[in-house]
>>> print(open('start-v4.cif').read())   # mmCIF, N, CA and C atoms
data_my_file
loop_
_atom_site.label_atom_id
_atom_site.label_comp_id
_atom_site.auth_asym_id
_atom_site.auth_seq_id
_atom_site.Cartn_x
_atom_site.Cartn_y
_atom_site.Cartn_z
N MET A 1046 -20.77 -50.51 -40.91
CA MET A 1046 -20.59 -49.10 -40.58
C MET A 1046 -19.15 -48.68 -40.83
N HIS A 1047 -19.02 -47.42 -41.07
CA HIS A 1047 -17.70 -46.80 -41.25
C HIS A 1047 -17.39 -46.10 -39.92
N ILE A 1048 -16.32 -46.53 -39.24
CA ILE A 1048 -16.00 -46.05 -37.89
C ILE A 1048 -14.68 -45.28 -37.90
N LEU A 1049 -14.69 -44.11 -37.27
CA LEU A 1049 -13.45 -43.37 -37.01
C LEU A 1049 -13.11 -43.62 -35.55
N PHE A 1050 -11.96 -44.24 -35.30
CA PHE A 1050 -11.52 -44.61 -33.96
C PHE A 1050 -10.34 -43.71 -33.60
N ILE A 1051 -10.53 -42.86 -32.59
CA ILE A 1051 -9.50 -41.89 -32.20
C ILE A 1051 -8.91 -42.32 -30.86
N GLU A 1052 -7.68 -42.81 -30.90
CA GLU A 1052 -7.04 -43.40 -29.72
C GLU A 1052 -5.54 -43.36 -29.91
N ASP A 1053 -4.82 -42.88 -28.88
CA ASP A 1053 -3.36 -42.79 -28.98
C ASP A 1053 -2.64 -44.02 -28.47
N ASP A 1054 -3.31 -44.88 -27.73
CA ASP A 1054 -2.69 -46.05 -27.11
C ASP A 1054 -2.76 -47.26 -28.05
N ALA A 1055 -1.61 -47.79 -28.43
CA ALA A 1055 -1.55 -48.91 -29.38
C ALA A 1055 -2.25 -50.15 -28.84
N ILE A 1056 -2.14 -50.41 -27.55
CA ILE A 1056 -2.79 -51.59 -26.96
C ILE A 1056 -4.31 -51.46 -27.03
N GLU A 1057 -4.82 -50.26 -26.74
CA GLU A 1057 -6.27 -50.03 -26.84
C GLU A 1057 -6.74 -50.19 -28.29
N THR A 1058 -5.93 -49.74 -29.22
CA THR A 1058 -6.27 -49.88 -30.64
C THR A 1058 -6.33 -51.35 -31.02
N MET A 1059 -5.35 -52.14 -30.56
CA MET A 1059 -5.35 -53.58 -30.84
C MET A 1059 -6.56 -54.26 -30.22
N LYS A 1060 -6.93 -53.86 -29.00
CA LYS A 1060 -8.13 -54.42 -28.36
C LYS A 1060 -9.36 -54.15 -29.20
N PHE A 1061 -9.49 -52.93 -29.71
CA PHE A 1061 -10.65 -52.58 -30.50
C PHE A 1061 -10.66 -53.37 -31.82
N GLN A 1062 -9.51 -53.47 -32.47
CA GLN A 1062 -9.42 -54.24 -33.71
C GLN A 1062 -9.80 -55.70 -33.48
N ARG A 1063 -9.33 -56.25 -32.39
CA ARG A 1063 -9.65 -57.65 -32.04
C ARG A 1063 -11.15 -57.82 -31.82
N THR A 1064 -11.75 -56.88 -31.11
CA THR A 1064 -13.19 -56.94 -30.87
C THR A 1064 -13.95 -56.86 -32.18
N LEU A 1065 -13.57 -55.93 -33.05
CA LEU A 1065 -14.23 -55.79 -34.35
C LEU A 1065 -14.14 -57.06 -35.18
N SER A 1066 -12.99 -57.71 -35.13
CA SER A 1066 -12.78 -58.91 -35.95
C SER A 1066 -13.69 -60.07 -35.52
N LYS A 1067 -14.17 -60.03 -34.29
CA LYS A 1067 -15.02 -61.11 -33.78
C LYS A 1067 -16.51 -60.90 -34.07
N LEU A 1068 -16.86 -59.74 -34.58
CA LEU A 1068 -18.27 -59.43 -34.83
C LEU A 1068 -18.75 -60.01 -36.15
N ALA A 1069 -20.03 -60.38 -36.18
CA ALA A 1069 -20.62 -60.91 -37.41
C ALA A 1069 -20.71 -59.81 -38.46
N SER A 1070 -21.08 -58.60 -38.05
CA SER A 1070 -21.15 -57.47 -38.98
C SER A 1070 -19.74 -56.97 -39.26
N LYS A 1071 -19.46 -56.71 -40.50
CA LYS A 1071 -18.14 -56.20 -40.86
C LYS A 1071 -18.19 -54.68 -40.95
N HIS A 1072 -17.24 -54.05 -40.31
CA HIS A 1072 -17.18 -52.59 -40.26
C HIS A 1072 -15.86 -52.12 -40.88
N THR A 1073 -15.89 -50.92 -41.43
CA THR A 1073 -14.69 -50.29 -41.96
C THR A 1073 -14.12 -49.41 -40.85
N LEU A 1074 -12.83 -49.52 -40.63
CA LEU A 1074 -12.19 -48.79 -39.54
C LEU A 1074 -11.13 -47.84 -40.08
N VAL A 1075 -11.21 -46.58 -39.63
CA VAL A 1075 -10.16 -45.59 -39.89
C VAL A 1075 -9.67 -45.16 -38.52
N GLU A 1076 -8.36 -45.10 -38.36
CA GLU A 1076 -7.77 -44.79 -37.06
C GLU A 1076 -7.05 -43.44 -37.09
N ALA A 1077 -7.16 -42.74 -35.96
CA ALA A 1077 -6.42 -41.50 -35.75
C ALA A 1077 -5.80 -41.58 -34.36
N LYS A 1078 -4.61 -41.03 -34.19
CA LYS A 1078 -3.90 -41.12 -32.91
C LYS A 1078 -4.17 -39.93 -31.98
N ASN A 1079 -4.82 -38.89 -32.51
CA ASN A 1079 -5.16 -37.72 -31.69
C ASN A 1079 -6.22 -36.90 -32.41
N GLY A 1080 -6.69 -35.87 -31.74
CA GLY A 1080 -7.74 -35.04 -32.29
C GLY A 1080 -7.34 -34.30 -33.56
N GLU A 1081 -6.09 -33.84 -33.64
CA GLU A 1081 -5.63 -33.12 -34.84
C GLU A 1081 -5.68 -34.03 -36.06
N GLU A 1082 -5.17 -35.25 -35.89
CA GLU A 1082 -5.18 -36.21 -37.00
C GLU A 1082 -6.62 -36.54 -37.40
N ALA A 1083 -7.50 -36.67 -36.43
CA ALA A 1083 -8.91 -36.98 -36.72
C ALA A 1083 -9.56 -35.85 -37.51
N LEU A 1084 -9.29 -34.61 -37.14
CA LEU A 1084 -9.87 -33.47 -37.88
C LEU A 1084 -9.36 -33.44 -39.32
N GLU A 1085 -8.09 -33.77 -39.52
CA GLU A 1085 -7.55 -33.82 -40.88
C GLU A 1085 -8.29 -34.86 -41.70
N ILE A 1086 -8.55 -36.02 -41.10
CA ILE A 1086 -9.29 -37.08 -41.79
C ILE A 1086 -10.70 -36.61 -42.13
N LEU A 1087 -11.37 -36.00 -41.18
CA LEU A 1087 -12.75 -35.56 -41.38
C LEU A 1087 -12.87 -34.44 -42.42
N GLN A 1088 -11.83 -33.62 -42.54
CA GLN A 1088 -11.87 -32.49 -43.47
C GLN A 1088 -11.18 -32.79 -44.79
N SER A 1089 -10.77 -34.04 -44.99
CA SER A 1089 -10.01 -34.41 -46.19
C SER A 1089 -10.87 -34.52 -47.44
N GLY A 1090 -12.19 -34.55 -47.28
CA GLY A 1090 -13.07 -34.70 -48.43
C GLY A 1090 -13.39 -36.14 -48.74
N LYS A 1091 -12.77 -37.07 -48.01
CA LYS A 1091 -13.09 -38.49 -48.19
C LYS A 1091 -14.42 -38.78 -47.50
N SER A 1092 -14.93 -39.99 -47.65
CA SER A 1092 -16.22 -40.31 -47.05
C SER A 1092 -16.16 -40.17 -45.53
N LEU A 1093 -17.24 -39.67 -44.98
CA LEU A 1093 -17.32 -39.44 -43.54
C LEU A 1093 -17.70 -40.73 -42.81
N PRO A 1094 -17.28 -40.86 -41.57
CA PRO A 1094 -17.66 -42.05 -40.80
C PRO A 1094 -19.14 -42.00 -40.40
N ASP A 1095 -19.68 -43.17 -40.09
CA ASP A 1095 -21.04 -43.23 -39.54
C ASP A 1095 -21.03 -42.84 -38.08
N ILE A 1096 -19.99 -43.29 -37.37
CA ILE A 1096 -19.82 -42.95 -35.95
C ILE A 1096 -18.35 -42.67 -35.66
N ILE A 1097 -18.13 -41.96 -34.56
CA ILE A 1097 -16.78 -41.69 -34.07
C ILE A 1097 -16.67 -42.26 -32.67
N LEU A 1098 -15.63 -43.02 -32.41
CA LEU A 1098 -15.30 -43.48 -31.06
C LEU A 1098 -14.05 -42.72 -30.64
N LEU A 1099 -14.14 -42.05 -29.49
CA LEU A 1099 -13.14 -41.05 -29.11
C LEU A 1099 -12.61 -41.28 -27.70
N ASP A 1100 -11.29 -41.36 -27.58
CA ASP A 1100 -10.64 -41.36 -26.27
C ASP A 1100 -10.52 -39.90 -25.82
N LEU A 1101 -10.48 -39.68 -24.52
CA LEU A 1101 -10.34 -38.30 -24.01
C LEU A 1101 -8.90 -37.91 -23.78
N ASN A 1102 -8.12 -38.80 -23.18
CA ASN A 1102 -6.76 -38.46 -22.76
C ASN A 1102 -5.76 -38.79 -23.86
N MET A 1103 -5.46 -37.76 -24.67
CA MET A 1103 -4.54 -37.93 -25.80
C MET A 1103 -3.60 -36.73 -25.87
N PRO A 1104 -2.43 -36.92 -26.49
CA PRO A 1104 -1.51 -35.79 -26.66
C PRO A 1104 -1.98 -34.85 -27.77
N ARG A 1105 -1.35 -33.69 -27.85
CA ARG A 1105 -1.57 -32.68 -28.88
C ARG A 1105 -2.95 -32.05 -28.81
N MET A 1106 -4.00 -32.83 -28.98
CA MET A 1106 -5.36 -32.31 -28.85
C MET A 1106 -6.18 -33.39 -28.16
N ASN A 1107 -6.64 -33.11 -26.95
CA ASN A 1107 -7.38 -34.14 -26.22
C ASN A 1107 -8.80 -34.26 -26.76
N GLY A 1108 -9.53 -35.22 -26.24
CA GLY A 1108 -10.88 -35.49 -26.73
C GLY A 1108 -11.85 -34.35 -26.56
N ILE A 1109 -11.78 -33.64 -25.45
CA ILE A 1109 -12.71 -32.52 -25.20
C ILE A 1109 -12.41 -31.37 -26.16
N GLU A 1110 -11.13 -31.10 -26.40
CA GLU A 1110 -10.77 -30.06 -27.37
C GLU A 1110 -11.27 -30.45 -28.77
N PHE A 1111 -11.09 -31.72 -29.13
CA PHE A 1111 -11.57 -32.21 -30.42
C PHE A 1111 -13.08 -32.02 -30.54
N LEU A 1112 -13.82 -32.39 -29.50
CA LEU A 1112 -15.28 -32.25 -29.53
C LEU A 1112 -15.70 -30.80 -29.73
N GLY A 1113 -15.02 -29.89 -29.05
CA GLY A 1113 -15.35 -28.47 -29.18
C GLY A 1113 -15.21 -27.99 -30.61
N ILE A 1114 -14.16 -28.44 -31.30
CA ILE A 1114 -13.94 -28.04 -32.69
C ILE A 1114 -14.93 -28.77 -33.62
N LEU A 1115 -15.12 -30.06 -33.39
CA LEU A 1115 -16.05 -30.86 -34.20
C LEU A 1115 -17.44 -30.23 -34.23
N LYS A 1116 -17.93 -29.84 -33.08
CA LYS A 1116 -19.30 -29.34 -32.97
C LYS A 1116 -19.48 -27.94 -33.54
N GLN A 1117 -18.37 -27.27 -33.91
CA GLN A 1117 -18.46 -25.96 -34.56
C GLN A 1117 -18.56 -26.06 -36.08
N HIS A 1118 -18.30 -27.23 -36.63
CA HIS A 1118 -18.32 -27.43 -38.09
C HIS A 1118 -19.70 -27.89 -38.54
N ASP A 1119 -20.36 -27.09 -39.35
CA ASP A 1119 -21.70 -27.43 -39.82
C ASP A 1119 -21.77 -28.77 -40.53
N LYS A 1120 -20.72 -29.12 -41.26
CA LYS A 1120 -20.74 -30.33 -42.07
C LYS A 1120 -20.55 -31.61 -41.26
N ILE A 1121 -19.84 -31.55 -40.15
CA ILE A 1121 -19.51 -32.78 -39.42
C ILE A 1121 -20.04 -32.82 -37.98
N LYS A 1122 -20.67 -31.77 -37.53
CA LYS A 1122 -21.09 -31.71 -36.13
C LYS A 1122 -22.18 -32.72 -35.77
N TYR A 1123 -22.86 -33.26 -36.78
CA TYR A 1123 -23.94 -34.21 -36.52
C TYR A 1123 -23.47 -35.66 -36.40
N LEU A 1124 -22.19 -35.91 -36.64
CA LEU A 1124 -21.68 -37.28 -36.55
C LEU A 1124 -21.78 -37.78 -35.11
N PRO A 1125 -22.43 -38.92 -34.89
CA PRO A 1125 -22.54 -39.44 -33.53
C PRO A 1125 -21.14 -39.75 -32.99
N THR A 1126 -20.83 -39.15 -31.84
CA THR A 1126 -19.52 -39.33 -31.23
C THR A 1126 -19.69 -39.94 -29.86
N ILE A 1127 -19.07 -41.10 -29.68
CA ILE A 1127 -19.15 -41.83 -28.43
C ILE A 1127 -17.78 -41.79 -27.78
N VAL A 1128 -17.73 -41.30 -26.56
CA VAL A 1128 -16.47 -41.25 -25.82
C VAL A 1128 -16.20 -42.63 -25.25
N LEU A 1129 -14.98 -43.11 -25.46
CA LEU A 1129 -14.53 -44.41 -24.96
C LEU A 1129 -13.27 -44.13 -24.16
N THR A 1130 -13.38 -44.13 -22.83
CA THR A 1130 -12.30 -43.61 -22.00
C THR A 1130 -12.16 -44.36 -20.68
N THR A 1131 -11.04 -44.12 -20.01
CA THR A 1131 -10.85 -44.65 -18.66
C THR A 1131 -11.27 -43.61 -17.62
N SER A 1132 -11.57 -42.39 -18.08
CA SER A 1132 -11.88 -41.29 -17.15
C SER A 1132 -13.26 -41.44 -16.52
N GLU A 1133 -13.25 -41.55 -15.20
CA GLU A 1133 -14.50 -41.57 -14.45
C GLU A 1133 -14.76 -40.21 -13.81
N ASN A 1134 -14.03 -39.20 -14.28
CA ASN A 1134 -14.15 -37.84 -13.77
C ASN A 1134 -15.50 -37.25 -14.16
N ARG A 1135 -16.29 -36.88 -13.16
CA ARG A 1135 -17.64 -36.35 -13.42
C ARG A 1135 -17.59 -35.06 -14.24
N ASP A 1136 -16.57 -34.25 -14.05
CA ASP A 1136 -16.44 -33.01 -14.83
C ASP A 1136 -16.25 -33.32 -16.32
N ASP A 1137 -15.44 -34.35 -16.62
CA ASP A 1137 -15.26 -34.77 -18.02
C ASP A 1137 -16.59 -35.23 -18.60
N LEU A 1138 -17.30 -36.06 -17.85
CA LEU A 1138 -18.59 -36.59 -18.28
C LEU A 1138 -19.57 -35.46 -18.60
N LEU A 1139 -19.71 -34.51 -17.67
CA LEU A 1139 -20.63 -33.39 -17.87
C LEU A 1139 -20.22 -32.52 -19.04
N GLU A 1140 -18.93 -32.22 -19.15
CA GLU A 1140 -18.45 -31.38 -20.25
C GLU A 1140 -18.73 -32.03 -21.60
N CYS A 1141 -18.51 -33.32 -21.68
CA CYS A 1141 -18.74 -34.02 -22.95
C CYS A 1141 -20.22 -33.98 -23.34
N TYR A 1142 -21.10 -34.21 -22.38
CA TYR A 1142 -22.53 -34.16 -22.70
C TYR A 1142 -22.98 -32.74 -23.02
N LYS A 1143 -22.40 -31.74 -22.38
CA LYS A 1143 -22.73 -30.34 -22.71
C LYS A 1143 -22.35 -30.03 -24.15
N ILE A 1144 -21.20 -30.54 -24.59
CA ILE A 1144 -20.73 -30.30 -25.95
C ILE A 1144 -21.62 -31.02 -26.96
N GLY A 1145 -22.14 -32.19 -26.58
CA GLY A 1145 -23.07 -32.89 -27.47
C GLY A 1145 -22.63 -34.26 -27.94
N ILE A 1146 -22.17 -35.10 -27.02
CA ILE A 1146 -21.79 -36.45 -27.40
C ILE A 1146 -23.03 -37.36 -27.46
N ALA A 1147 -22.87 -38.51 -28.10
CA ALA A 1147 -23.94 -39.49 -28.21
C ALA A 1147 -23.86 -40.56 -27.12
N GLY A 1148 -22.72 -40.65 -26.43
CA GLY A 1148 -22.56 -41.63 -25.37
C GLY A 1148 -21.21 -41.51 -24.70
N TYR A 1149 -21.12 -42.06 -23.49
CA TYR A 1149 -19.88 -42.00 -22.70
C TYR A 1149 -19.67 -43.39 -22.11
N ILE A 1150 -18.69 -44.11 -22.61
CA ILE A 1150 -18.42 -45.48 -22.20
C ILE A 1150 -17.08 -45.52 -21.45
N ILE A 1151 -17.11 -46.06 -20.23
CA ILE A 1151 -15.87 -46.24 -19.48
C ILE A 1151 -15.29 -47.60 -19.83
N LYS A 1152 -14.03 -47.60 -20.26
CA LYS A 1152 -13.37 -48.84 -20.67
C LYS A 1152 -13.19 -49.75 -19.46
N PRO A 1153 -13.74 -50.94 -19.53
CA PRO A 1153 -13.53 -51.90 -18.43
C PRO A 1153 -12.09 -52.43 -18.46
N LEU A 1154 -11.61 -52.90 -17.32
CA LEU A 1154 -10.26 -53.45 -17.26
C LEU A 1154 -10.18 -54.83 -17.91
N LYS A 1155 -11.19 -55.67 -17.68
CA LYS A 1155 -11.18 -57.02 -18.25
C LYS A 1155 -11.56 -56.98 -19.73
N TYR A 1156 -10.79 -57.69 -20.55
CA TYR A 1156 -11.05 -57.68 -21.98
C TYR A 1156 -12.46 -58.19 -22.31
N GLU A 1157 -12.90 -59.22 -21.63
CA GLU A 1157 -14.23 -59.79 -21.90
C GLU A 1157 -15.33 -58.75 -21.68
N ASP A 1158 -15.18 -57.94 -20.65
CA ASP A 1158 -16.16 -56.88 -20.37
C ASP A 1158 -16.08 -55.78 -21.44
N TYR A 1159 -14.86 -55.47 -21.85
CA TYR A 1159 -14.65 -54.48 -22.92
C TYR A 1159 -15.36 -54.95 -24.19
N GLU A 1160 -15.12 -56.19 -24.54
CA GLU A 1160 -15.71 -56.76 -25.76
C GLU A 1160 -17.25 -56.72 -25.70
N THR A 1161 -17.81 -57.08 -24.56
CA THR A 1161 -19.27 -57.07 -24.39
C THR A 1161 -19.83 -55.66 -24.56
N LYS A 1162 -19.18 -54.67 -23.92
CA LYS A 1162 -19.64 -53.28 -24.03
C LYS A 1162 -19.57 -52.77 -25.46
N LEU A 1163 -18.43 -53.01 -26.11
CA LEU A 1163 -18.25 -52.51 -27.46
C LEU A 1163 -19.19 -53.19 -28.44
N LYS A 1164 -19.43 -54.46 -28.25
CA LYS A 1164 -20.36 -55.18 -29.12
C LYS A 1164 -21.75 -54.55 -29.00
N SER A 1165 -22.18 -54.24 -27.78
CA SER A 1165 -23.48 -53.61 -27.57
C SER A 1165 -23.55 -52.24 -28.22
N VAL A 1166 -22.51 -51.45 -28.06
CA VAL A 1166 -22.47 -50.10 -28.64
C VAL A 1166 -22.57 -50.19 -30.17
N LEU A 1167 -21.79 -51.06 -30.78
CA LEU A 1167 -21.78 -51.16 -32.24
C LEU A 1167 -23.09 -51.73 -32.77
N GLU A 1168 -23.68 -52.69 -32.06
CA GLU A 1168 -24.98 -53.22 -32.48
C GLU A 1168 -26.04 -52.13 -32.43
N TYR A 1169 -26.01 -51.33 -31.37
CA TYR A 1169 -26.98 -50.24 -31.24
C TYR A 1169 -26.87 -49.27 -32.41
N TRP A 1170 -25.66 -48.81 -32.71
CA TRP A 1170 -25.48 -47.83 -33.78
C TRP A 1170 -25.69 -48.44 -35.16
N ASN A 1171 -25.49 -49.74 -35.27
CA ASN A 1171 -25.69 -50.41 -36.55
C ASN A 1171 -27.16 -50.44 -36.96
N ILE A 1172 -28.07 -50.45 -35.98
CA ILE A 1172 -29.50 -50.47 -36.31
C ILE A 1172 -30.11 -49.08 -36.38
N ASN A 1173 -29.36 -48.05 -36.06
CA ASN A 1173 -29.85 -46.67 -36.13
C ASN A 1173 -29.80 -46.16 -37.56
N GLU A 1174 -30.72 -45.24 -37.86
CA GLU A 1174 -30.66 -44.52 -39.12
C GLU A 1174 -29.67 -43.40 -38.92
N LEU A 1175 -28.54 -43.48 -39.58
CA LEU A 1175 -27.48 -42.50 -39.38
C LEU A 1175 -27.50 -41.46 -40.48
N VAL A 1176 -27.29 -40.21 -40.10
CA VAL A 1176 -27.31 -39.10 -41.05
C VAL A 1176 -25.89 -38.79 -41.47
N LYS A 1177 -25.63 -38.95 -42.74
CA LYS A 1177 -24.32 -38.55 -43.27
C LYS A 1177 -24.34 -37.04 -43.49
N ALA A 1178 -23.26 -36.40 -43.15
CA ALA A 1178 -23.20 -34.93 -43.30
C ALA A 1178 -23.22 -34.54 -44.76
#
>>> encode(input="start-v4.cif", output="structure tokens")
Amino acid sequence: MHILFIEDDAIETMKFQRTLSKLASKHTLVEAKNGEEALEILQSGKSLPDIILLDLNMPRMNGIEFLGILKQHDKIKYLPTIVLTTSENRDDLLECYKIGIAGYIIKPLKYEDYETKLKSVLEYWNINELVKA
């Protein structure tokens, strides 16, 4: 799969890269540090990702703002977007589902739990028929 990973925290990015490297399936990873950078990537005309993994708490343009803009674009609004966050705020959860996310994953503190969750998420999306915009 081709994955767009939107995360401003370098440690979280390294955790995700480490998790990906341990998987049997090989995935292509494109990284963005905030919502603005992610939109530039998506609108660049290059190949679109199969899925988007999105942090909520980021500078410049947070995850909810990014989702609002993403879902207004006819060409990219169908991309499955999974929120990967530390936020257990029910308002964030509800707002994200109202906007139209494909999933909401709370990042566990222990790396082993993080790895297990992410492996499950990627395996699930890997067997889905994904619609390219």
>>> select_by_dssp(input="start-v4.cif", residues="chain A", states="helix (DSSP H, G or I)", output="number ranges by chain")
A: 1055-1066, 1080-1087, 1108-1115, 1135-1144, 1156-1171
>>> write_last_selection(input="start-v4.cif", atoms="N, CA and C atoms", output="compact mmCIF listing (two decimals), in the frame of the given file")
# COMPACT_ATOMS: atom_id res chain seq x y z
N ALA A 1055 -1.61 -47.79 -28.43
CA ALA A 1055 -1.55 -48.91 -29.38
C ALA A 1055 -2.25 -50.15 -28.84
N ILE A 1056 -2.14 -50.41 -27.55
CA ILE A 1056 -2.79 -51.59 -26.96
C ILE A 1056 -4.31 -51.46 -27.03
N GLU A 1057 -4.82 -50.26 -26.74
CA GLU A 1057 -6.27 -50.03 -26.84
C GLU A 1057 -6.74 -50.19 -28.29
N THR A 1058 -5.93 -49.74 -29.22
CA THR A 1058 -6.27 -49.88 -30.64
C THR A 1058 -6.33 -51.35 -31.02
N MET A 1059 -5.35 -52.14 -30.56
CA MET A 1059 -5.35 -53.58 -30.84
C MET A 1059 -6.56 -54.26 -30.22
N LYS A 1060 -6.93 -53.86 -29.00
CA LYS A 1060 -8.13 -54.42 -28.36
C LYS A 1060 -9.36 -54.15 -29.20
N PHE A 1061 -9.49 -52.93 -29.71
CA PHE A 1061 -10.65 -52.58 -30.50
C PHE A 1061 -10.66 -53.37 -31.82
N GLN A 1062 -9.51 -53.47 -32.47
CA GLN A 1062 -9.42 -54.24 -33.71
C GLN A 1062 -9.80 -55.70 -33.48
N ARG A 1063 -9.33 -56.25 -32.39
CA ARG A 1063 -9.65 -57.65 -32.04
C ARG A 1063 -11.15 -57.82 -31.82
N THR A 1064 -11.75 -56.88 -31.11
CA THR A 1064 -13.19 -56.94 -30.87
C THR A 1064 -13.95 -56.86 -32.18
N LEU A 1065 -13.57 -55.93 -33.05
CA LEU A 1065 -14.23 -55.79 -34.35
C LEU A 1065 -14.14 -57.06 -35.18
N SER A 1066 -12.99 -57.71 -35.13
CA SER A 1066 -12.78 -58.91 -35.95
C SER A 1066 -13.69 -60.07 -35.52
N GLY A 1080 -6.69 -35.87 -31.74
CA GLY A 1080 -7.74 -35.04 -32.29
C GLY A 1080 -7.34 -34.30 -33.56
N GLU A 1081 -6.09 -33.84 -33.64
CA GLU A 1081 -5.63 -33.12 -34.84
C GLU A 1081 -5.68 -34.03 -36.06
N GLU A 1082 -5.17 -35.25 -35.89
CA GLU A 1082 -5.18 -36.21 -37.00
C GLU A 1082 -6.62 -36.54 -37.40
N ALA A 1083 -7.50 -36.67 -36.43
CA ALA A 1083 -8.91 -36.98 -36.72
C ALA A 1083 -9.56 -35.85 -37.51
N LEU A 1084 -9.29 -34.61 -37.14
CA LEU A 1084 -9.87 -33.47 -37.88
C LEU A 1084 -9.36 -33.44 -39.32
N GLU A 1085 -8.09 -33.77 -39.52
CA GLU A 1085 -7.55 -33.82 -40.88
C GLU A 1085 -8.29 -34.86 -41.70
N ILE A 1086 -8.55 -36.02 -41.10
CA ILE A 1086 -9.29 -37.08 -41.79
C ILE A 1086 -10.70 -36.61 -42.13
N LEU A 1087 -11.37 -36.00 -41.18
CA LEU A 1087 -12.75 -35.56 -41.38
C LEU A 1087 -12.87 -34.44 -42.42
N GLY A 1108 -9.53 -35.22 -26.24
CA GLY A 1108 -10.88 -35.49 -26.73
C GLY A 1108 -11.85 -34.35 -26.56
N ILE A 1109 -11.78 -33.64 -25.45
CA ILE A 1109 -12.71 -32.52 -25.20
C ILE A 1109 -12.41 -31.37 -26.16
N GLU A 1110 -11.13 -31.10 -26.40
CA GLU A 1110 -10.77 -30.06 -27.37
C GLU A 1110 -11.27 -30.45 -28.77
N PHE A 1111 -11.09 -31.72 -29.13
CA PHE A 1111 -11.57 -32.21 -30.42
C PHE A 1111 -13.08 -32.02 -30.54
N LEU A 1112 -13.82 -32.39 -29.50
CA LEU A 1112 -15.28 -32.25 -29.53
C LEU A 1112 -15.70 -30.80 -29.73
N GLY A 1113 -15.02 -29.89 -29.05
CA GLY A 1113 -15.35 -28.47 -29.18
C GLY A 1113 -15.21 -27.99 -30.61
N ILE A 1114 -14.16 -28.44 -31.30
CA ILE A 1114 -13.94 -28.04 -32.69
C ILE A 1114 -14.93 -28.77 -33.62
N LEU A 1115 -15.12 -30.06 -33.39
CA LEU A 1115 -16.05 -30.86 -34.20
C LEU A 1115 -17.44 -30.23 -34.23
N ARG A 1135 -16.29 -36.88 -13.16
CA ARG A 1135 -17.64 -36.35 -13.42
C ARG A 1135 -17.59 -35.06 -14.24
N ASP A 1136 -16.57 -34.25 -14.05
CA ASP A 1136 -16.44 -33.01 -14.83
C ASP A 1136 -16.25 -33.32 -16.32
N ASP A 1137 -15.44 -34.35 -16.62
CA ASP A 1137 -15.26 -34.77 -18.02
C ASP A 1137 -16.59 -35.23 -18.60
N LEU A 1138 -17.30 -36.06 -17.85
CA LEU A 1138 -18.59 -36.59 -18.28
C LEU A 1138 -19.57 -35.46 -18.60
N LEU A 1139 -19.71 -34.51 -17.67
CA LEU A 1139 -20.63 -33.39 -17.87
C LEU A 1139 -20.22 -32.52 -19.04
N GLU A 1140 -18.93 -32.22 -19.15
CA GLU A 1140 -18.45 -31.38 -20.25
C GLU A 1140 -18.73 -32.03 -21.60
N CYS A 1141 -18.51 -33.32 -21.68
CA CYS A 1141 -18.74 -34.02 -22.95
C CYS A 1141 -20.22 -33.98 -23.34
N TYR A 1142 -21.10 -34.21 -22.38
CA TYR A 1142 -22.53 -34.16 -22.70
C TYR A 1142 -22.98 -32.74 -23.02
N LYS A 1143 -22.40 -31.74 -22.38
CA LYS A 1143 -22.73 -30.34 -22.71
C LYS A 1143 -22.35 -30.03 -24.15
N ILE A 1144 -21.20 -30.54 -24.59
CA ILE A 1144 -20.73 -30.30 -25.95
C ILE A 1144 -21.62 -31.02 -26.96
N TYR A 1156 -10.79 -57.69 -20.55
CA TYR A 1156 -11.05 -57.68 -21.98
C TYR A 1156 -12.46 -58.19 -22.31
N GLU A 1157 -12.90 -59.22 -21.63
CA GLU A 1157 -14.23 -59.79 -21.90
C GLU A 1157 -15.33 -58.75 -21.68
N ASP A 1158 -15.18 -57.94 -20.65
CA ASP A 1158 -16.16 -56.88 -20.37
C ASP A 1158 -16.08 -55.78 -21.44
N TYR A 1159 -14.86 -55.47 -21.85
CA TYR A 1159 -14.65 -54.48 -22.92
C TYR A 1159 -15.36 -54.95 -24.19
N GLU A 1160 -15.12 -56.19 -24.54
CA GLU A 1160 -15.71 -56.76 -25.76
C GLU A 1160 -17.25 -56.72 -25.70
N THR A 1161 -17.81 -57.08 -24.56
CA THR A 1161 -19.27 -57.07 -24.39
C THR A 1161 -19.83 -55.66 -24.56
N LYS A 1162 -19.18 -54.67 -23.92
CA LYS A 1162 -19.64 -53.28 -24.03
C LYS A 1162 -19.57 -52.77 -25.46
N LEU A 1163 -18.43 -53.01 -26.11
CA LEU A 1163 -18.25 -52.51 -27.46
C LEU A 1163 -19.19 -53.19 -28.44
N LYS A 1164 -19.43 -54.46 -28.25
CA LYS A 1164 -20.36 -55.18 -29.12
C LYS A 1164 -21.75 -54.55 -29.00
N SER A 1165 -22.18 -54.24 -27.78
CA SER A 1165 -23.48 -53.61 -27.57
C SER A 1165 -23.55 -52.24 -28.22
N VAL A 1166 -22.51 -51.45 -28.06
CA VAL A 1166 -22.47 -50.10 -28.64
C VAL A 1166 -22.57 -50.19 -30.17
N LEU A 1167 -21.79 -51.06 -30.78
CA LEU A 1167 -21.78 -51.16 -32.24
C LEU A 1167 -23.09 -51.73 -32.77
N GLU A 1168 -23.68 -52.69 -32.06
CA GLU A 1168 -24.98 -53.22 -32.48
C GLU A 1168 -26.04 -52.13 -32.43
N TYR A 1169 -26.01 -51.33 -31.37
CA TYR A 1169 -26.98 -50.24 -31.24
C TYR A 1169 -26.87 -49.27 -32.41
N TRP A 1170 -25.66 -48.81 -32.71
CA TRP A 1170 -25.48 -47.83 -33.78
C TRP A 1170 -25.69 -48.44 -35.16
N ASN A 1171 -25.49 -49.74 -35.27
CA ASN A 1171 -25.69 -50.41 -36.55
C ASN A 1171 -27.16 -50.44 -36.96
>>> closest_residue(input="start-v4.cif", among="A:Met1103, A:Met1046, A:Ile1086, A:Ala1147", to="A:Thr1131", atoms="only C-alpha atoms")
A:Met1103
>>> resolve_selection(input="start-v4.cif", expression="the PyMOL selection byres ((chain A and resi 1107-1120) around 8)", output="list in words")
Asn1079, Gly1080, Glu1081, Leu1084, Leu1099, Asp1100, Leu1101, Asn1102, Met1103, Pro1104, Arg1105, Met1106, Ile1121, Lys1122, Tyr1123, Leu1124, Asp1137, Glu1140, Cys1141, Ile1144, Gly1145, Ile1146, Lys1177 and Ala1178 of chain A
